[in-house]
Amino acid sequence: MRLYDTKARELIEVRPGKSGSVDIYCCGPTVYRFAHVGNMRTFLLGDLARRTLRAEGTSYRYIQNITDVGHLNDDVNIESGEDKILAQAKLERKDPFEIARFYEQTFHEDLEALNIEPADAYPKASDSIGLITDLIAQLIYIGAAYQGRDGSLYFAARSFKDYGAISHNSLDQLQAGHRFDTVSADVEPGKKFHADWALWKSASVNREMTWQTPWGVGFPGWHIECSAMSIHYFPQGISLHLGGIDLRFPHHENERAQSNTATNSEFVRQWVHGEHLLFDGKKMAKSSGNVLHIADLRTRGIDPLALRLLFLENHYRTQMNLTWESIQAAHTTLKRWRKKIASWPQDGVVDREIHHDIINHFSDDLDTAGAILLIRKIERDESIPEAKKRATLLAADALLGLELDHHDELTITHEVHELLIERESARQEHNWARSDQLRDLLLAQGIRVTDGPEGQSWEAL
Ligand code: AMP
Ligand code: ZN
């Protein structure tokens with residue numbers, strides 16, 4: 001499989017690391033609210049990569065962290081940032097850990113709804129405080145981190161010469177163009193340099209979610225959490241690091257500086273980022289108020305896997321604009337495929353050539369859109385026997401994850417079934433008068449038939 005590497009700016013062959021497997025780390029959710037479907041699009045990336053590796057016969061491991069402390073509303077200006085979970089706990093008048101556990105649970109339910117396979121482990125930041133403080137101690141020992149006058153611990157950005165390689169920024173550019181330049185010494189008195197970032201934030205003993213350390217009471221920064229967990233699970237390095245495009249900077253730049261410094265290696269072989277999901281033309285974000293959740297689909301009677309199909313129809317590196325019309329269209333397609341597959345004979349064999357073509361689309365930088373086009377072509381291709389189509393599409397479903405063999409029990413009577421078959425052949429014979437007559441007969445029985453380029457489909461009224 002080849003995937004686009006943000007740092008190298010080119011497609012790179014995904015290869016197992018020293019451990020012998022492709023070790024994948026994906027930045028997980030901050031569990032202070034329901035994940036929106038934009039987040040889910042990014043998490044789907046890890047699922048598609050794993051399914052492709054499995055189809056290719058490559059072994060892999062997959063870790064996704066749960067951020068349940070230390071992710072501030074403003075991670076650049078750490079002084080004014082408020083911890084997202086603490087803020088939500090205040091709002092809901094609940095214990096912050098209760099908030100975190102609740103939204104962690106809903107995150108797993110949402111993954112399941114989209115058939116995103118579980119990770120090998122979901123380490124939590126709050127359970128990894130020992131790993132985090134050990135790593136900070138190591139960075140201080142190396143000389144890459146220091147304790148500021150405010151008691152917080154900072155990473156010295158200038159100690160990492162290659163800073164900015166993922167997002168193609170340099171420290172100088174950042175100083176000129178970024179918010180850093182407006183941060184005055186009064187706001188962040190502890191830092192020695194504008195681009196340094198907090199590894200550990202000192203806090204008052206009255207604050208919730210704090211821990212005692214040799215440097216005083218405090219809580220971890222967001223960036224160090226991912227370095228600590230990924231080094232712990234994959235001490236030999238990460239093959240593939242995933243996340244949404246907004247994490248490129250500063251999160252992944254900072255993570256890379258920390259991990260490379262601590263391990264004295266290029267710790268992550270490949271950085272892969274998914275583009276953002278827009279909804280009605282705007283980036284889906286809680287702050288813009290245009291978020292859509294899996295529950296919203298269910299309320300409208302839409303199978304969440306219709307959303308998965310829609311994601312597959314768009315390349316992960318394109319900004320995709322979601323609309324209710326596109327979701328509805330994907331839902332109709334999914335229902336039609338399942339219905340057809342359920343009606344096709346079961347004794348077919350997989351067309352090996354087509355199957356390989358589908359895998360090749362996935363292997364080619366996750367060209368899922370190409371794979372779906374191919375499936376639409378197969379659906380229409382009358383030269384392929386239905387039994388073979390069925391076997392081939394079901395084999396492809398190991399990659400697609402659309403539950404194509406899932407079809408609600410057909411509630412139609414034998415008579416309706418016969419009428420449907422008769423109408424299909426009337427259409428093939430271009431006997432439009434008979435086909436219209438049969439359509440009316442079916443309607444009288446509560447079955448609405450529609451005709452599309454892929455043939456006749458029906459729904460019970
Ligand atoms: P968060 O829970 O905010 O830390 O985000 C979890 C993941 O979702 C990160 O990898 C983000 O980059 C990603 N993400 C956030 N918003 C979107 C969006 N609109 N479309 C796609 N991915 C997103
Ligand atoms: Zn991360």
# chains A, B, ... in the order shown; residues from 1 in each chain; ligands from 1

call {"tool": "select_by_dssp", "arguments": {"residues": "segment 1-44 of chain A", "states": "strand (DSSP E)", "output": "list in words"}}
result
Arg2, Leu3, Tyr4, Asp5, Glu10, Leu11, Ile12, Glu13, Val22, Asp23, Ile24, Tyr25 and Cys26 of chain A

call {"tool": "residues_around", "arguments": {"residues": "Ala395 of chain A", "least_positions_apart": "2", "cutoff": "12 Å", "atoms": "only C-alpha atoms", "output": "list in words"}}
result
Ala55, Gly348, Val349, Val350, Asp351, Arg352, Ile354, His355, His356, Ile358, Ile359, Ile375, Lys388, Lys389, Arg390, Ala391, Thr392, Leu393, Asp397, Ala398, Leu399, Leu400, Gly401, Leu402, Glu403, Leu404 and Asp405 of chain A

call {"tool": "residues_around", "arguments": {"residues": "Thr332 of chain A", "least_positions_apart": "4", "cutoff": "10 Å", "atoms": "only C-alpha atoms", "output": "list in words"}}
result
Ile302, Asp303, Ala306, Ser326, Ile327, Gln328, Arg336, Trp337 and Ser457 of chain A

call {"tool": "write_last_selection", "arguments": {"atoms": "N, CA, C and O atoms", "output": "PDB file, in the first residue's frame"}}
result
ATOM      1  N   ILE A 302     -31.638   6.956   8.714  1.00  0.00           N
ATOM      2  CA  ILE A 302     -30.536   6.651   7.788  1.00  0.00           C
ATOM      3  C   ILE A 302     -29.543   5.704   8.448  1.00  0.00           C
ATOM      4  O   ILE A 302     -29.123   5.925   9.590  1.00  0.00           O
ATOM      5  N   ASP A 303     -29.193   4.661   7.730  1.00  0.00           N
ATOM      6  CA  ASP A 303     -28.204   3.705   8.220  1.00  0.00           C
ATOM      7  C   ASP A 303     -26.852   4.429   8.296  1.00  0.00           C
ATOM      8  O   ASP A 303     -26.396   4.986   7.291  1.00  0.00           O
ATOM      9  N   ALA A 306     -24.444   4.276   5.498  1.00  0.00           N
ATOM     10  CA  ALA A 306     -24.606   5.109   4.299  1.00  0.00           C
ATOM     11  C   ALA A 306     -23.562   6.212   4.338  1.00  0.00           C
ATOM     12  O   ALA A 306     -22.989   6.592   3.310  1.00  0.00           O
ATOM     13  N   SER A 326     -26.740  14.270  -0.262  1.00  0.00           N
ATOM     14  CA  SER A 326     -25.729  13.253  -0.577  1.00  0.00           C
ATOM     15  C   SER A 326     -25.847  12.074   0.393  1.00  0.00           C
ATOM     16  O   SER A 326     -25.654  10.921   0.001  1.00  0.00           O
ATOM     17  N   ILE A 327     -26.203  12.344   1.628  1.00  0.00           N
ATOM     18  CA  ILE A 327     -26.353  11.246   2.596  1.00  0.00           C
ATOM     19  C   ILE A 327     -27.534  10.364   2.182  1.00  0.00           C
ATOM     20  O   ILE A 327     -27.457   9.139   2.192  1.00  0.00           O
ATOM     21  N   GLN A 328     -28.628  11.020   1.800  1.00  0.00           N
ATOM     22  CA  GLN A 328     -29.827  10.289   1.398  1.00  0.00           C
ATOM     23  C   GLN A 328     -29.532   9.433   0.156  1.00  0.00           C
ATOM     24  O   GLN A 328     -29.963   8.273   0.079  1.00  0.00           O
ATOM     25  N   ARG A 336     -30.178  -0.436  -2.094  1.00  0.00           N
ATOM     26  CA  ARG A 336     -30.344  -1.135  -3.374  1.00  0.00           C
ATOM     27  C   ARG A 336     -29.330  -2.266  -3.504  1.00  0.00           C
ATOM     28  O   ARG A 336     -29.676  -3.380  -3.877  1.00  0.00           O
ATOM     29  N   TRP A 337     -28.069  -1.999  -3.156  1.00  0.00           N
ATOM     30  CA  TRP A 337     -27.036  -3.036  -3.260  1.00  0.00           C
ATOM     31  C   TRP A 337     -27.393  -4.224  -2.374  1.00  0.00           C
ATOM     32  O   TRP A 337     -27.290  -5.371  -2.787  1.00  0.00           O
ATOM     33  N   SER A 457     -35.581  -0.976  -8.868  1.00  0.00           N
ATOM     34  CA  SER A 457     -35.477  -1.211  -7.428  1.00  0.00           C
ATOM     35  C   SER A 457     -36.844  -0.922  -6.819  1.00  0.00           C
ATOM     36  O   SER A 457     -37.691  -0.303  -7.456  1.00  0.00           O
TER      37      SER A 457
END

call {"tool": "closest_atom_pairs", "arguments": {"of": "chain A", "to": "ligand 2", "cutoff": "9 Å", "atoms": "only C-alpha atoms and all ligand atoms", "output": "Markdown table"}}
result
| residue | atom | partner | partner_atom_place_in_ligand_line | distance |
| --- | --- | --- | --- | --- |
| A:Tyr25 | CA | ligand 2 | 1 (Zn) | 8.5 |
| A:Cys26 | CA | ligand 2 | 1 (Zn) | 7.0 |
| A:Cys27 | CA | ligand 2 | 1 (Zn) | 4.0 |
| A:Gly28 | CA | ligand 2 | 1 (Zn) | 6.7 |
| A:Pro29 | CA | ligand 2 | 1 (Zn) | 9.0 |
| A:Gln64 | CA | ligand 2 | 1 (Zn) | 8.7 |
| A:Asn65 | CA | ligand 2 | 1 (Zn) | 7.5 |
| A:Thr67 | CA | ligand 2 | 1 (Zn) | 8.4 |
| A:Trp222 | CA | ligand 2 | 1 (Zn) | 7.5 |
| A:His223 | CA | ligand 2 | 1 (Zn) | 6.3 |
| A:Ile224 | CA | ligand 2 | 1 (Zn) | 8.4 |
| A:Glu225 | CA | ligand 2 | 1 (Zn) | 7.2 |
| A:Cys226 | CA | ligand 2 | 1 (Zn) | 4.6 |
| A:Ser227 | CA | ligand 2 | 1 (Zn) | 7.7 |
| A:His241 | CA | ligand 2 | 1 (Zn) | 9.0 |
| A:Leu242 | CA | ligand 2 | 1 (Zn) | 8.6 |
| A:Gly243 | CA | ligand 2 | 1 (Zn) | 7.5 |
| A:Leu247 | CA | ligand 2 | 1 (Zn) | 7.6 |
| A:His251 | CA | ligand 2 | 1 (Zn) | 6.5 |
| A:His252 | CA | ligand 2 | 1 (Zn) | 6.8 |
| A:Glu255 | CA | ligand 2 | 1 (Zn) | 7.4 |

call {"tool": "write_last_selection", "arguments": {"atoms": "N, CA, C and O atoms", "output": "PDB file, in the first residue's frame"}}
result
ATOM      1  N   TYR A  25      -0.294   4.504  14.704  1.00  0.00           N
ATOM      2  CA  TYR A  25      -0.786   5.299  15.839  1.00  0.00           C
ATOM      3  C   TYR A  25      -1.699   6.379  15.269  1.00  0.00           C
ATOM      4  O   TYR A  25      -1.326   7.089  14.334  1.00  0.00           O
ATOM      5  N   CYS A  26      -2.890   6.476  15.834  1.00  0.00           N
ATOM      6  CA  CYS A  26      -3.829   7.506  15.377  1.00  0.00           C
ATOM      7  C   CYS A  26      -4.236   8.369  16.564  1.00  0.00           C
ATOM      8  O   CYS A  26      -4.657   7.840  17.596  1.00  0.00           O
ATOM      9  N   CYS A  27      -4.103   9.678  16.410  1.00  0.00           N
ATOM     10  CA  CYS A  27      -4.521  10.573  17.497  1.00  0.00           C
ATOM     11  C   CYS A  27      -6.024  10.400  17.721  1.00  0.00           C
ATOM     12  O   CYS A  27      -6.818  10.479  16.784  1.00  0.00           O
ATOM     13  N   GLY A  28      -6.365  10.175  18.959  1.00  0.00           N
ATOM     14  CA  GLY A  28      -7.762   9.871  19.272  1.00  0.00           C
ATOM     15  C   GLY A  28      -8.559  11.093  19.677  1.00  0.00           C
ATOM     16  O   GLY A  28      -8.084  12.227  19.565  1.00  0.00           O
ATOM     17  N   PRO A  29      -9.758  10.852  20.163  1.00  0.00           N
ATOM     18  CA  PRO A  29     -10.651  11.969  20.469  1.00  0.00           C
ATOM     19  C   PRO A  29     -10.360  12.600  21.821  1.00  0.00           C
ATOM     20  O   PRO A  29      -9.809  11.951  22.712  1.00  0.00           O
ATOM     21  N   GLN A  64      -4.798   3.797  19.463  1.00  0.00           N
ATOM     22  CA  GLN A  64      -5.418   5.126  19.421  1.00  0.00           C
ATOM     23  C   GLN A  64      -5.604   5.627  20.855  1.00  0.00           C
ATOM     24  O   GLN A  64      -6.169   4.921  21.690  1.00  0.00           O
ATOM     25  N   ASN A  65      -5.108   6.818  21.109  1.00  0.00           N
ATOM     26  CA  ASN A  65      -5.193   7.327  22.482  1.00  0.00           C
ATOM     27  C   ASN A  65      -6.537   7.998  22.759  1.00  0.00           C
ATOM     28  O   ASN A  65      -7.271   8.369  21.836  1.00  0.00           O
ATOM     29  N   THR A  67      -7.779  11.247  24.770  1.00  0.00           N
ATOM     30  CA  THR A  67      -7.340  12.452  25.488  1.00  0.00           C
ATOM     31  C   THR A  67      -8.401  12.814  26.515  1.00  0.00           C
ATOM     32  O   THR A  67      -9.499  13.246  26.149  1.00  0.00           O
ATOM     33  N   TRP A 222      -0.992  18.470  26.035  1.00  0.00           N
ATOM     34  CA  TRP A 222      -1.629  17.550  25.091  1.00  0.00           C
ATOM     35  C   TRP A 222      -0.585  16.845  24.213  1.00  0.00           C
ATOM     36  O   TRP A 222      -0.654  15.637  23.982  1.00  0.00           O
ATOM     37  N   HIS A 223       0.420  17.591  23.732  1.00  0.00           N
ATOM     38  CA  HIS A 223       1.364  17.014  22.766  1.00  0.00           C
ATOM     39  C   HIS A 223       2.220  15.889  23.368  1.00  0.00           C
ATOM     40  O   HIS A 223       2.488  14.882  22.718  1.00  0.00           O
ATOM     41  N   ILE A 224       2.626  16.077  24.616  1.00  0.00           N
ATOM     42  CA  ILE A 224       3.525  15.090  25.234  1.00  0.00           C
ATOM     43  C   ILE A 224       2.811  13.756  25.449  1.00  0.00           C
ATOM     44  O   ILE A 224       3.425  12.693  25.422  1.00  0.00           O
ATOM     45  N   GLU A 225       1.489  13.835  25.609  1.00  0.00           N
ATOM     46  CA  GLU A 225       0.709  12.619  25.836  1.00  0.00           C
ATOM     47  C   GLU A 225       0.885  11.626  24.678  1.00  0.00           C
ATOM     48  O   GLU A 225       1.113  10.432  24.887  1.00  0.00           O
ATOM     49  N   CYS A 226       0.816  12.151  23.446  1.00  0.00           N
ATOM     50  CA  CYS A 226       0.914  11.247  22.294  1.00  0.00           C
ATOM     51  C   CYS A 226       2.326  10.672  22.161  1.00  0.00           C
ATOM     52  O   CYS A 226       2.492   9.507  21.797  1.00  0.00           O
ATOM     53  N   SER A 227       3.346  11.488  22.466  1.00  0.00           N
ATOM     54  CA  SER A 227       4.707  10.946  22.422  1.00  0.00           C
ATOM     55  C   SER A 227       4.867   9.838  23.454  1.00  0.00           C
ATOM     56  O   SER A 227       5.401   8.764  23.151  1.00  0.00           O
ATOM     57  N   HIS A 241       1.638   7.302  11.154  1.00  0.00           N
ATOM     58  CA  HIS A 241       0.982   8.144  12.166  1.00  0.00           C
ATOM     59  C   HIS A 241      -0.162   8.875  11.488  1.00  0.00           C
ATOM     60  O   HIS A 241       0.034   9.582  10.506  1.00  0.00           O
ATOM     61  N   LEU A 242      -1.359   8.705  12.030  1.00  0.00           N
ATOM     62  CA  LEU A 242      -2.554   9.267  11.393  1.00  0.00           C
ATOM     63  C   LEU A 242      -3.187  10.376  12.217  1.00  0.00           C
ATOM     64  O   LEU A 242      -3.045  10.417  13.435  1.00  0.00           O
ATOM     65  N   GLY A 243      -3.932  11.207  11.532  1.00  0.00           N
ATOM     66  CA  GLY A 243      -4.694  12.253  12.213  1.00  0.00           C
ATOM     67  C   GLY A 243      -5.329  13.172  11.192  1.00  0.00           C
ATOM     68  O   GLY A 243      -5.083  13.049   9.987  1.00  0.00           O
ATOM     69  N   LEU A 247      -4.096  18.693  12.709  1.00  0.00           N
ATOM     70  CA  LEU A 247      -3.129  18.277  13.736  1.00  0.00           C
ATOM     71  C   LEU A 247      -1.673  18.409  13.266  1.00  0.00           C
ATOM     72  O   LEU A 247      -0.744  18.282  14.057  1.00  0.00           O
ATOM     73  N   HIS A 251       0.345  20.259  16.812  1.00  0.00           N
ATOM     74  CA  HIS A 251       0.373  18.986  17.553  1.00  0.00           C
ATOM     75  C   HIS A 251       1.433  18.013  17.034  1.00  0.00           C
ATOM     76  O   HIS A 251       2.257  17.523  17.803  1.00  0.00           O
ATOM     77  N   HIS A 252       1.436  17.753  15.742  1.00  0.00           N
ATOM     78  CA  HIS A 252       2.376  16.738  15.237  1.00  0.00           C
ATOM     79  C   HIS A 252       3.813  17.253  15.154  1.00  0.00           C
ATOM     80  O   HIS A 252       4.761  16.480  15.325  1.00  0.00           O
ATOM     81  N   GLU A 255       4.944  16.858  18.680  1.00  0.00           N
ATOM     82  CA  GLU A 255       5.095  15.437  19.007  1.00  0.00           C
ATOM     83  C   GLU A 255       6.374  14.881  18.381  1.00  0.00           C
ATOM     84  O   GLU A 255       7.135  14.156  19.028  1.00  0.00           O
TER      85      GLU A 255
END

call {"tool": "residues_around", "arguments": {"residues": "Arg61 of chain A", "least_positions_apart": "2", "cutoff": "7 Å", "atoms": "only C-alpha atoms", "output": "NGL selection string"}}
result
:A and (21-24 or 63 or 120)

call {"tool": "closest_residue", "arguments": {"among": "A:Glu112, A:Asp162, A:Asp246, A:Asp95", "to": "ligand 1", "atoms": "only C-alpha atoms and all ligand atoms"}}
result
A:Asp246

call {"tool": "residues_near_ligand", "arguments": {"ligand": "ligand 1", "cutoff": "9 Å", "atoms": "only C-alpha atoms and all ligand atoms", "output": "VMD selection string"}}
result
chain A and resid 26 to 43 66 to 67 71 242 to 248 273 to 279 282 to 286 291 319 to 320

call {"tool": "residues_around", "arguments": {"residues": "Arg101 of chain A", "least_positions_apart": "4", "cutoff": "9 Å", "atoms": "only C-alpha atoms", "output": "PyMOL selection string"}}
result
chain A and resi 31+68+96-97+105-106

call {"tool": "atom_distance", "arguments": {"atom1": "atom CA of Asp150 of chain A", "atom2": "atom CA of Ser259 of chain A"}}
result
24.6 Å

call {"tool": "closest_residue", "arguments": {"among": "A:Glu418, A:Asp196, A:Glu266, A:Glu117", "to": "Ala144 of chain A", "atoms": "only C-alpha atoms"}}
result
A:Asp196

call {"tool": "closest_residue", "arguments": {"among": "A:Glu208, A:Asp5, A:Glu313, A:Glu424", "to": "Ala371 of chain A", "atoms": "only C-alpha atoms"}}
result
A:Glu313

call {"tool": "closest_residue", "arguments": {"among": "A:Glu10, A:Ala203, A:Leu139, A:Ile116", "to": "Asp365 of chain A", "atoms": "only C-alpha atoms"}}
result
A:Glu10

call {"tool": "closest_residue", "arguments": {"among": "A:Arg15, A:Asn254, A:Ser265, A:Gly151", "to": "Gly237 of chain A", "atoms": "only C-alpha atoms"}}
result
A:Ser265

call {"tool": "closest_residue", "arguments": {"among": "A:His194, A:Thr213, A:Asp347, A:Gln88", "to": "Ala100 of chain A", "atoms": "only C-alpha atoms"}}
result
A:Gln88

call {"tool": "residues_around", "arguments": {"residues": "Gly446 of chain A", "least_positions_apart": "3", "cutoff": "8 Å", "atoms": "only C-alpha atoms", "output": "list in words"}}
result
Leu442, Leu443, Ala460 and Leu461 of chain A

call {"tool": "write_last_selection", "arguments": {"atoms": "all heavy atoms", "output": "CSV table (one decimal), in the first residue's frame"}}
result
chain,number,residue,atom,x,y,z
A,442,LEU,N,-48.2,-3.6,-8.7
A,442,LEU,CA,-47.3,-3.6,-7.5
A,442,LEU,C,-47.6,-2.5,-6.5
A,442,LEU,O,-47.7,-2.7,-5.3
A,442,LEU,CB,-45.8,-3.6,-7.9
A,442,LEU,CG,-45.3,-4.9,-8.5
A,442,LEU,CD1,-44.1,-4.6,-9.4
A,442,LEU,CD2,-44.9,-5.8,-7.4
A,443,LEU,N,-47.9,-1.4,-7.1
A,443,LEU,CA,-48.3,-0.2,-6.2
A,443,LEU,C,-49.5,-0.5,-5.4
A,443,LEU,O,-49.6,-0.2,-4.2
A,443,LEU,CB,-48.5,1.0,-7.1
A,443,LEU,CG,-48.4,2.4,-6.4
A,443,LEU,CD1,-47.0,2.5,-5.7
A,443,LEU,CD2,-48.6,3.5,-7.4
A,460,ALA,N,-41.1,-1.0,0.0
A,460,ALA,CA,-42.4,-1.2,0.6
A,460,ALA,C,-42.9,0.1,1.1
A,460,ALA,O,-42.2,0.8,1.8
A,460,ALA,CB,-42.3,-2.3,1.7
A,461,LEU,N,-44.2,0.4,0.8
A,461,LEU,CA,-44.7,1.7,1.3
A,461,LEU,C,-45.3,1.5,2.7
A,461,LEU,O,-45.8,0.5,3.1
A,461,LEU,CB,-45.8,2.2,0.3
A,461,LEU,CG,-45.2,2.5,-1.1
A,461,LEU,CD1,-46.4,2.8,-2.1
A,461,LEU,CD2,-44.3,3.7,-1.0

call {"tool": "residues_around", "arguments": {"residues": "Ser363 of chain A", "least_positions_apart": "2", "cutoff": "9 Å", "atoms": "only C-alpha atoms", "output": "PDB file with C-alpha atoms, in the first residue's frame"}}
result
ATOM      1  CA  MET A   1       0.000   0.000   0.000  1.00  0.00           C
ATOM      2  CA  ARG A   2       1.149   3.504  -0.790  1.00  0.00           C
ATOM      3  CA  LEU A   3      -0.021   6.509   1.196  1.00  0.00           C
ATOM      4  CA  ALA A  49      -5.531   1.313   6.171  1.00  0.00           C
ATOM      5  CA  THR A  52      -6.046  -2.855   3.084  1.00  0.00           C
ATOM      6  CA  LEU A  53      -2.998  -4.224   4.893  1.00  0.00           C
ATOM      7  CA  GLU A  56      -2.417  -7.591   1.245  1.00  0.00           C
ATOM      8  CA  ILE A 358     -10.578  -3.462  -5.909  1.00  0.00           C
ATOM      9  CA  ILE A 359      -7.662  -4.212  -3.574  1.00  0.00           C
ATOM     10  CA  ASN A 360      -5.361  -2.284  -5.911  1.00  0.00           C
ATOM     11  CA  HIS A 361      -7.582   0.769  -5.659  1.00  0.00           C
ATOM     12  CA  ASP A 365      -3.329   5.822  -1.589  1.00  0.00           C
ATOM     13  CA  LEU A 366      -6.771   4.572  -0.528  1.00  0.00           C
ATOM     14  CA  ASP A 367      -8.488   5.272  -3.825  1.00  0.00           C
TER      15      ASP A 367
END

call {"tool": "select_by_dssp", "arguments": {"residues": "segment 3-190 of chain A", "states": "helix (DSSP H, G or I)", "output": "VMD selection string"}}
result
chain A and resid 37 to 56 84 to 92 96 to 113 125 to 127 129 to 142 157 to 159 171 to 177 179 to 182
